[in-house]
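One file, entry.csv, is given below (CSV, N, CA and C atoms).
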chain,number,residue,atom,x,y,z
A,1,VAL,N,11.2,0.6,50.4
A,1,VAL,CA,10.5,1.5,49.6
A,1,VAL,C,9.9,0.8,48.4
A,2,ILE,N,10.7,-0.1,47.8
A,2,ILE,CA,10.2,-0.8,46.6
A,2,ILE,C,9.1,-1.8,47.0
A,3,ALA,N,9.2,-2.4,48.2
A,3,ALA,CA,8.1,-3.3,48.6
A,3,ALA,C,6.8,-2.5,48.8
A,4,VAL,N,6.9,-1.3,49.3
A,4,VAL,CA,5.7,-0.5,49.5
A,4,VAL,C,5.1,-0.1,48.1
A,5,TYR,N,6.0,0.3,47.2
A,5,TYR,CA,5.6,0.6,45.8
A,5,TYR,C,4.8,-0.6,45.2
A,6,GLN,N,5.4,-1.7,45.3
A,6,GLN,CA,4.8,-2.9,44.7
A,6,GLN,C,3.5,-3.2,45.4
A,7,HIS,N,3.4,-3.1,46.7
A,7,HIS,CA,2.2,-3.3,47.4
A,7,HIS,C,1.1,-2.4,46.9
A,8,GLN,N,1.4,-1.1,46.7
A,8,GLN,CA,0.4,-0.1,46.3
A,8,GLN,C,0.0,-0.4,44.8
A,9,VAL,N,0.9,-0.8,44.0
A,9,VAL,CA,0.6,-1.2,42.6
A,9,VAL,C,-0.4,-2.4,42.7
A,10,GLU,N,-0.2,-3.4,43.5
A,10,GLU,CA,-1.1,-4.5,43.6
A,10,GLU,C,-2.4,-4.1,44.1
A,11,ALA,N,-2.5,-3.2,45.1
A,11,ALA,CA,-3.7,-2.7,45.6
A,11,ALA,C,-4.5,-2.0,44.5
A,12,CYS,N,-3.9,-1.2,43.7
A,12,CYS,CA,-4.5,-0.5,42.6
A,12,CYS,C,-5.0,-1.5,41.6
A,13,ALA,N,-4.2,-2.5,41.3
A,13,ALA,CA,-4.6,-3.5,40.3
A,13,ALA,C,-5.8,-4.3,40.8
A,14,GLU,N,-5.8,-4.7,42.1
A,14,GLU,CA,-6.9,-5.4,42.6
A,14,GLU,C,-8.2,-4.6,42.7
A,15,ALA,N,-8.1,-3.3,42.8
A,15,ALA,CA,-9.3,-2.5,43.0
A,15,ALA,C,-10.1,-2.4,41.7
A,16,GLY,N,-9.5,-2.6,40.6
A,16,GLY,CA,-10.2,-2.5,39.3
A,16,GLY,C,-11.3,-3.5,39.2
A,17,PRO,N,-11.0,-4.8,39.3
A,17,PRO,CA,-12.0,-5.8,39.2
A,17,PRO,C,-13.1,-5.7,40.4
A,18,ALA,N,-12.6,-5.3,41.5
A,18,ALA,CA,-13.5,-5.2,42.7
A,18,ALA,C,-14.5,-4.1,42.4
A,19,LEU,N,-14.1,-3.0,41.8
A,19,LEU,CA,-15.0,-1.9,41.5
A,19,LEU,C,-16.0,-2.3,40.4
A,20,LEU,N,-15.5,-3.0,39.4
A,20,LEU,CA,-16.4,-3.5,38.4
A,20,LEU,C,-17.5,-4.4,39.0
A,21,ALA,N,-17.1,-5.3,39.9
A,21,ALA,CA,-18.0,-6.2,40.5
A,21,ALA,C,-19.0,-5.6,41.5
A,22,SER,N,-18.7,-4.3,41.9
A,22,SER,CA,-19.4,-3.7,43.0
A,22,SER,C,-20.8,-3.3,42.6
A,23,GLY,N,-21.1,-3.2,41.3
A,23,GLY,CA,-22.4,-2.9,40.8
A,23,GLY,C,-22.7,-1.4,40.6
A,24,ILE,N,-21.6,-0.6,40.7
A,24,ILE,CA,-21.8,0.9,40.6
A,24,ILE,C,-21.8,1.3,39.1
A,25,GLY,N,-21.6,0.4,38.2
A,25,GLY,CA,-21.6,0.7,36.8
A,25,GLY,C,-20.2,0.9,36.3
A,26,PRO,N,-19.9,0.5,35.0
A,26,PRO,CA,-18.6,0.5,34.5
A,26,PRO,C,-17.9,1.9,34.4
A,27,TYR,N,-18.7,2.9,34.0
A,27,TYR,CA,-18.0,4.2,34.0
A,27,TYR,C,-17.7,4.7,35.4
A,28,ALA,N,-18.6,4.5,36.3
A,28,ALA,CA,-18.3,4.9,37.7
A,28,ALA,C,-17.1,4.1,38.2
A,29,ALA,N,-17.0,2.8,37.9
A,29,ALA,CA,-15.9,2.0,38.3
A,29,ALA,C,-14.6,2.6,37.7
A,30,LEU,N,-14.6,2.9,36.5
A,30,LEU,CA,-13.4,3.5,35.8
A,30,LEU,C,-13.0,4.8,36.4
A,31,ALA,N,-14.0,5.7,36.7
A,31,ALA,CA,-13.7,7.0,37.3
A,31,ALA,C,-13.1,6.8,38.7
A,32,ARG,N,-13.6,5.9,39.5
A,32,ARG,CA,-13.1,5.7,40.8
A,32,ARG,C,-11.7,5.1,40.8
A,33,TRP,N,-11.5,4.2,39.8
A,33,TRP,CA,-10.2,3.5,39.7
A,33,TRP,C,-9.2,4.6,39.3
A,34,ILE,N,-9.5,5.4,38.3
A,34,ILE,CA,-8.6,6.4,37.9
A,34,ILE,C,-8.3,7.4,39.0
A,35,ASP,N,-9.2,7.7,39.9
A,35,ASP,CA,-9.0,8.5,41.1
A,35,ASP,C,-8.0,7.8,42.0
A,36,LEU,N,-8.1,6.5,42.2
A,36,LEU,CA,-7.1,5.7,43.0
A,36,LEU,C,-5.7,5.8,42.3
A,37,PHE,N,-5.7,5.7,41.0
A,37,PHE,CA,-4.5,5.7,40.3
A,37,PHE,C,-3.8,7.1,40.4
A,38,VAL,N,-4.6,8.1,40.4
A,38,VAL,CA,-4.1,9.5,40.6
A,38,VAL,C,-3.4,9.6,42.0
A,39,GLY,N,-4.1,9.1,43.0
A,39,GLY,CA,-3.6,9.1,44.4
A,39,GLY,C,-2.3,8.4,44.4
A,40,PHE,N,-2.2,7.3,43.8
A,40,PHE,CA,-0.9,6.5,43.7
A,40,PHE,C,0.2,7.4,43.0
A,41,LEU,N,-0.1,8.0,41.9
A,41,LEU,CA,0.9,8.7,41.1
A,41,LEU,C,1.4,9.9,41.9
A,42,VAL,N,0.5,10.7,42.5
A,42,VAL,CA,0.9,11.9,43.1
A,42,VAL,C,1.8,11.6,44.4
A,43,THR,N,1.6,10.5,45.0
A,43,THR,CA,2.4,10.2,46.2
A,43,THR,C,3.7,9.5,45.8
A,44,LYS,N,3.8,9.0,44.6
A,44,LYS,CA,5.0,8.4,44.1
A,44,LYS,C,5.9,9.2,43.1
A,45,HIS,N,5.4,10.4,42.9
A,45,HIS,CA,6.1,11.3,41.9
A,45,HIS,C,7.6,11.5,42.3
A,46,GLY,N,7.9,11.7,43.6
A,46,GLY,CA,9.3,11.9,44.0
A,46,GLY,C,10.1,10.6,43.9
A,47,LEU,N,9.5,9.5,44.2
A,47,LEU,CA,10.1,8.2,44.1
A,47,LEU,C,10.6,8.0,42.7
A,48,ALA,N,9.8,8.2,41.7
A,48,ALA,CA,10.2,8.0,40.3
A,48,ALA,C,11.4,8.9,39.9
A,49,ALA,N,11.4,10.1,40.4
A,49,ALA,CA,12.6,11.0,40.1
A,49,ALA,C,13.8,10.4,40.8
A,50,ALA,N,13.7,10.0,42.0
A,50,ALA,CA,14.9,9.4,42.7
A,50,ALA,C,15.4,8.2,42.0
A,51,LEU,N,14.5,7.3,41.6
A,51,LEU,CA,14.9,6.1,40.9
A,51,LEU,C,15.5,6.2,39.5
A,52,GLN,N,15.2,7.4,38.9
A,52,GLN,CA,15.8,7.6,37.6
A,52,GLN,C,17.3,7.5,37.5
A,53,SER,N,17.9,7.7,38.7
A,53,SER,CA,19.4,7.6,38.7
A,53,SER,C,19.8,6.2,38.6
A,54,ASP,N,19.0,5.2,39.0
A,54,ASP,CA,19.3,3.8,38.9
A,54,ASP,C,18.4,3.3,37.7
A,55,ARG,N,18.8,3.5,36.5
A,55,ARG,CA,18.0,3.3,35.3
A,55,ARG,C,17.5,1.8,35.3
A,56,ALA,N,18.3,0.8,35.6
A,56,ALA,CA,17.8,-0.6,35.5
A,56,ALA,C,16.7,-0.8,36.5
A,57,ARG,N,16.9,-0.3,37.7
A,57,ARG,CA,15.8,-0.5,38.8
A,57,ARG,C,14.5,0.2,38.4
A,58,PHE,N,14.7,1.4,37.9
A,58,PHE,CA,13.5,2.2,37.4
A,58,PHE,C,12.8,1.5,36.3
A,59,GLU,N,13.5,1.0,35.3
A,59,GLU,CA,12.9,0.3,34.2
A,59,GLU,C,12.2,-1.0,34.6
A,60,THR,N,12.8,-1.7,35.6
A,60,THR,CA,12.1,-2.9,36.1
A,60,THR,C,10.8,-2.6,36.8
A,61,LEU,N,10.8,-1.5,37.7
A,61,LEU,CA,9.6,-1.1,38.4
A,61,LEU,C,8.6,-0.6,37.5
A,62,HIS,N,9.0,0.2,36.5
A,62,HIS,CA,8.1,0.8,35.6
A,62,HIS,C,7.4,-0.3,34.7
A,63,GLY,N,8.2,-1.3,34.3
A,63,GLY,CA,7.7,-2.4,33.6
A,63,GLY,C,6.6,-3.2,34.4
A,64,TYR,N,6.9,-3.4,35.7
A,64,TYR,CA,6.0,-4.1,36.6
A,64,TYR,C,4.7,-3.3,36.7
A,65,PHE,N,4.9,-2.0,36.9
A,65,PHE,CA,3.7,-1.1,37.0
A,65,PHE,C,2.8,-1.2,35.8
A,66,LEU,N,3.4,-1.1,34.6
A,66,LEU,CA,2.7,-1.2,33.3
A,66,LEU,C,2.0,-2.6,33.2
A,67,ASP,N,2.8,-3.6,33.5
A,67,ASP,CA,2.3,-5.0,33.3
A,67,ASP,C,1.1,-5.3,34.2
A,68,ARG,N,1.0,-4.6,35.4
A,68,ARG,CA,-0.1,-4.8,36.3
A,68,ARG,C,-1.3,-3.9,36.0
A,69,LEU,N,-1.0,-2.7,35.7
A,69,LEU,CA,-2.1,-1.7,35.6
A,69,LEU,C,-2.7,-1.4,34.3
A,70,VAL,N,-1.9,-1.6,33.2
A,70,VAL,CA,-2.5,-1.4,31.9
A,70,VAL,C,-3.7,-2.4,31.6
A,71,PRO,N,-3.5,-3.7,31.9
A,71,PRO,CA,-4.6,-4.6,31.7
A,71,PRO,C,-5.9,-4.3,32.5
A,72,VAL,N,-5.7,-3.8,33.7
A,72,VAL,CA,-6.8,-3.5,34.6
A,72,VAL,C,-7.5,-2.3,34.0
A,73,CYS,N,-6.8,-1.3,33.6
A,73,CYS,CA,-7.4,-0.1,33.0
A,73,CYS,C,-8.1,-0.5,31.7
A,74,GLY,N,-7.5,-1.4,30.9
A,74,GLY,CA,-8.1,-1.9,29.7
A,74,GLY,C,-9.5,-2.6,30.0
A,75,GLU,N,-9.5,-3.4,31.0
A,75,GLU,CA,-10.7,-4.1,31.4
A,75,GLU,C,-11.8,-3.1,31.8
A,76,LEU,N,-11.5,-2.1,32.5
A,76,LEU,CA,-12.4,-1.1,32.9
A,76,LEU,C,-12.9,-0.3,31.7
A,77,LEU,N,-12.0,0.1,30.8
A,77,LEU,CA,-12.4,0.8,29.5
A,77,LEU,C,-13.3,-0.1,28.7
A,78,ASP,N,-12.9,-1.3,28.5
A,78,ASP,CA,-13.8,-2.2,27.7
A,78,ASP,C,-15.2,-2.4,28.3
A,79,ALA,N,-15.3,-2.5,29.6
A,79,ALA,CA,-16.6,-2.7,30.2
A,79,ALA,C,-17.4,-1.4,30.0
A,80,ALA,N,-16.8,-0.2,30.2
A,80,ALA,CA,-17.5,1.0,30.0
A,80,ALA,C,-17.9,1.2,28.6
A,81,ALA,N,-17.1,0.9,27.6
A,81,ALA,CA,-17.4,1.0,26.2
A,81,ALA,C,-18.5,0.0,25.8
A,82,ALA,N,-18.4,-1.2,26.3
A,82,ALA,CA,-19.5,-2.2,26.0
A,82,ALA,C,-20.8,-1.8,26.5
A,83,ALA,N,-20.8,-1.1,27.7
A,83,ALA,CA,-22.1,-0.6,28.2
A,83,ALA,C,-22.6,0.7,27.6
A,84,GLY,N,-21.8,1.2,26.6
A,84,GLY,CA,-22.2,2.4,25.9
A,84,GLY,C,-22.0,3.7,26.7
A,85,GLU,N,-21.2,3.6,27.8
A,85,GLU,CA,-21.0,4.7,28.7
A,85,GLU,C,-19.9,5.6,28.3
A,86,ILE,N,-18.9,5.1,27.5
A,86,ILE,CA,-17.8,5.9,27.0
A,86,ILE,C,-17.6,5.6,25.5
A,87,ARG,N,-17.0,6.5,24.8
A,87,ARG,CA,-16.7,6.3,23.4
A,87,ARG,C,-15.6,5.1,23.3
A,88,PRO,N,-15.8,4.3,22.3
A,88,PRO,CA,-14.9,3.2,22.2
A,88,PRO,C,-13.5,3.6,21.6
A,89,GLY,N,-12.6,2.8,21.7
A,89,GLY,CA,-11.3,3.0,21.0
A,89,GLY,C,-10.2,3.7,21.8
A,90,VAL,N,-10.5,4.0,23.1
A,90,VAL,CA,-9.5,4.6,24.0
A,90,VAL,C,-8.6,3.5,24.5
A,91,GLY,N,-7.3,3.6,24.3
A,91,GLY,CA,-6.4,2.6,24.7
A,91,GLY,C,-6.0,2.8,26.2
A,92,ALA,N,-5.8,1.7,26.9
A,92,ALA,CA,-5.4,1.8,28.3
A,92,ALA,C,-4.1,2.5,28.5
A,93,PHE,N,-3.1,2.1,27.7
A,93,PHE,CA,-1.8,2.7,27.9
A,93,PHE,C,-1.9,4.2,27.6
A,94,GLU,N,-2.6,4.6,26.6
A,94,GLU,CA,-2.6,6.1,26.3
A,94,GLU,C,-3.4,6.8,27.4
A,95,LEU,N,-4.4,6.3,27.9
A,95,LEU,CA,-5.1,6.9,29.0
A,95,LEU,C,-4.3,7.1,30.2
A,96,LEU,N,-3.6,6.0,30.6
A,96,LEU,CA,-2.7,6.0,31.8
A,96,LEU,C,-1.5,7.0,31.6
A,97,PHE,N,-1.0,7.0,30.4
A,97,PHE,CA,0.1,8.0,30.0
A,97,PHE,C,-0.4,9.4,30.2
A,98,GLY,N,-1.6,9.7,29.6
A,98,GLY,CA,-2.2,11.0,29.8
A,98,GLY,C,-2.5,11.4,31.2
A,99,VAL,N,-3.0,10.5,32.0
A,99,VAL,CA,-3.2,10.8,33.4
A,99,VAL,C,-1.9,11.0,34.1
A,100,GLY,N,-0.9,10.2,33.8
A,100,GLY,CA,0.4,10.4,34.4
A,100,GLY,C,1.0,11.8,34.1
A,101,ASN,N,0.8,12.2,32.8
A,101,ASN,CA,1.3,13.5,32.5
A,101,ASN,C,0.6,14.6,33.2
A,102,LEU,N,-0.7,14.5,33.3
A,102,LEU,CA,-1.5,15.5,34.1
A,102,LEU,C,-1.1,15.5,35.5
A,103,CYS,N,-0.7,14.4,36.1
A,103,CYS,CA,-0.2,14.3,37.5
A,103,CYS,C,1.2,14.8,37.7
A,104,ALA,N,2.0,14.9,36.6
A,104,ALA,CA,3.4,15.4,36.8
A,104,ALA,C,3.5,16.8,37.1
A,105,GLY,N,2.4,17.6,37.0
A,105,GLY,CA,2.4,19.0,37.3
A,105,GLY,C,2.1,19.3,38.7
A,106,VAL,N,2.0,18.3,39.6
A,106,VAL,CA,1.5,18.5,41.0
A,106,VAL,C,2.5,19.3,41.9
A,107,ASP,N,3.7,19.3,41.6
A,107,ASP,CA,4.8,19.8,42.4
A,107,ASP,C,4.5,21.0,43.3
A,108,GLY,N,3.4,21.0,44.1
A,108,GLY,CA,3.2,22.0,45.1
A,108,GLY,C,2.6,23.3,44.6
A,109,ASP,N,2.3,23.5,43.4
A,109,ASP,CA,1.8,24.8,42.9
A,109,ASP,C,0.3,24.8,43.2
A,110,ALA,N,-0.2,25.6,44.1
A,110,ALA,CA,-1.6,25.6,44.4
A,110,ALA,C,-2.5,26.0,43.3
A,111,ARG,N,-2.0,26.5,42.2
A,111,ARG,CA,-2.9,26.9,41.1
A,111,ARG,C,-3.2,25.7,40.2
A,112,TYR,N,-2.6,24.5,40.5
A,112,TYR,CA,-2.8,23.4,39.6
A,112,TYR,C,-3.4,22.3,40.5
A,113,ASP,N,-4.5,21.7,40.0
A,113,ASP,CA,-5.2,20.6,40.7
A,113,ASP,C,-5.2,19.4,39.7
A,114,ALA,N,-4.3,18.4,40.0
A,114,ALA,CA,-4.2,17.3,39.1
A,114,ALA,C,-5.5,16.5,39.1
A,115,ARG,N,-6.2,16.3,40.2
A,115,ARG,CA,-7.4,15.5,40.3
A,115,ARG,C,-8.5,16.2,39.4
A,116,ARG,N,-8.6,17.5,39.5
A,116,ARG,CA,-9.6,18.2,38.7
A,116,ARG,C,-9.3,18.0,37.2
A,117,MET,N,-8.0,18.1,36.8
A,117,MET,CA,-7.7,18.0,35.4
A,117,MET,C,-8.0,16.6,34.9
A,118,VAL,N,-7.6,15.6,35.7
A,118,VAL,CA,-7.9,14.2,35.4
A,118,VAL,C,-9.4,13.9,35.3
A,119,GLY,N,-10.1,14.5,36.2
A,119,GLY,CA,-11.6,14.4,36.2
A,119,GLY,C,-12.2,14.9,34.9
A,120,LEU,N,-11.6,16.0,34.4
A,120,LEU,CA,-12.1,16.6,33.1
A,120,LEU,C,-11.7,15.6,32.0
A,121,LEU,N,-10.6,15.0,32.0
A,121,LEU,CA,-10.2,14.0,31.0
A,121,LEU,C,-11.1,12.8,31.0
A,122,VAL,N,-11.4,12.3,32.2
A,122,VAL,CA,-12.3,11.1,32.3
A,122,VAL,C,-13.7,11.5,31.9
A,123,ALA,N,-14.2,12.7,32.3
A,123,ALA,CA,-15.5,13.1,31.8
A,123,ALA,C,-15.6,13.2,30.3
A,124,GLY,N,-14.5,13.5,29.7
A,124,GLY,CA,-14.4,13.6,28.2
A,124,GLY,C,-14.5,12.3,27.5
A,125,LEU,N,-14.4,11.2,28.3
A,125,LEU,CA,-14.6,9.9,27.7
A,125,LEU,C,-16.0,9.5,27.4
A,126,ARG,N,-16.9,10.2,28.1
A,126,ARG,CA,-18.3,9.9,28.0
A,126,ARG,C,-18.9,10.0,26.6
A,127,GLN,N,-19.9,9.2,26.3
A,127,GLN,CA,-20.5,9.2,25.0
A,127,GLN,C,-21.3,10.5,24.9
So, in terms of structure tokens, how does the structure I just supplied come out?
Amino acid sequence: VIAVYQHQVEACAEAGPALLASGIGPYAALARWIDLFVGFLVTKHGLAAALQSDRARFETLHGYFLDRLVPVCGELLDAAAAAGEIRPGVGAFELLFGVGNLCAGVDGDARYDARRMVGLLVAGLRQ
């Protein structure tokens, strides 16, 4: 389970630079990467809850997650801000934290759409 988690973190981390290099534009790259991140989060929500009982293992995986994904998100944010596509000053950690909190409400309630809410958040970054 942990190897799958780490593999998916790596895939998400590698997707950021690939999206930036794809020529779709920095904001579009950021939006697509955040969508991949949301997919990762909603499929791993139960795993995080299960690992909470093993605090040391959870903290190690969470640290790995942050160490890999915060810099990627920062690179995407910086590129979009430099291109004038989003307002400057949004921190990668705070954006990922906000997205994570929006995804925490997924627990099967059909009235809540995490992707839609995250889409609204990302749209709000625009200049």
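Atom N of Glu75 of chain A is found 16.3 Å from atom N of Gly100 of chain A.
Straight-line separation from atom CA of Gln127 of chain A to atom CA of Gly91 of chain A: 15.6 Å.
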At what distance in Å, to one decimal, does atom N of Leu36 of chain A lie from atom N of Leu66 of chain A?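 That distance, rounded to one decimal, is 15.7 Å.
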Could you name the residues that touch segment 5-13 of chain A at 7 Å or less, counting only N, CA and C atoms, but leaving out those on the same chain fewer than 2 positions away, as a ChimeraX atom specification? /A:1-3,15-18,36-37,65,68-69,72
Kindly indicate which residue among A:Ala79, A:Leu96, A:Cys103, A:Val42 lies nearest to Tyr27 of chain A, using only N, CA and C atoms for the distances.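 Smallest separation from Tyr27 of chain A among the options: A:Ala79.
Counting only C-alpha atoms and comparing A:Gly108, A:Leu76, A:Pro88, A:Leu41, the residue that lies closest to Gly25 of chain A is A:Leu76.
For Arg87 of chain A, the residues within 12 Å (counting only C-alpha atoms, excluding itself and residues fewer than 6 positions away along the chain) are Tyr27, Leu77, Asp78, Ala79, Ala80, Ala81, Val122, Ala123, Gly124, Leu125, Arg126 and Gln127 of chain A.
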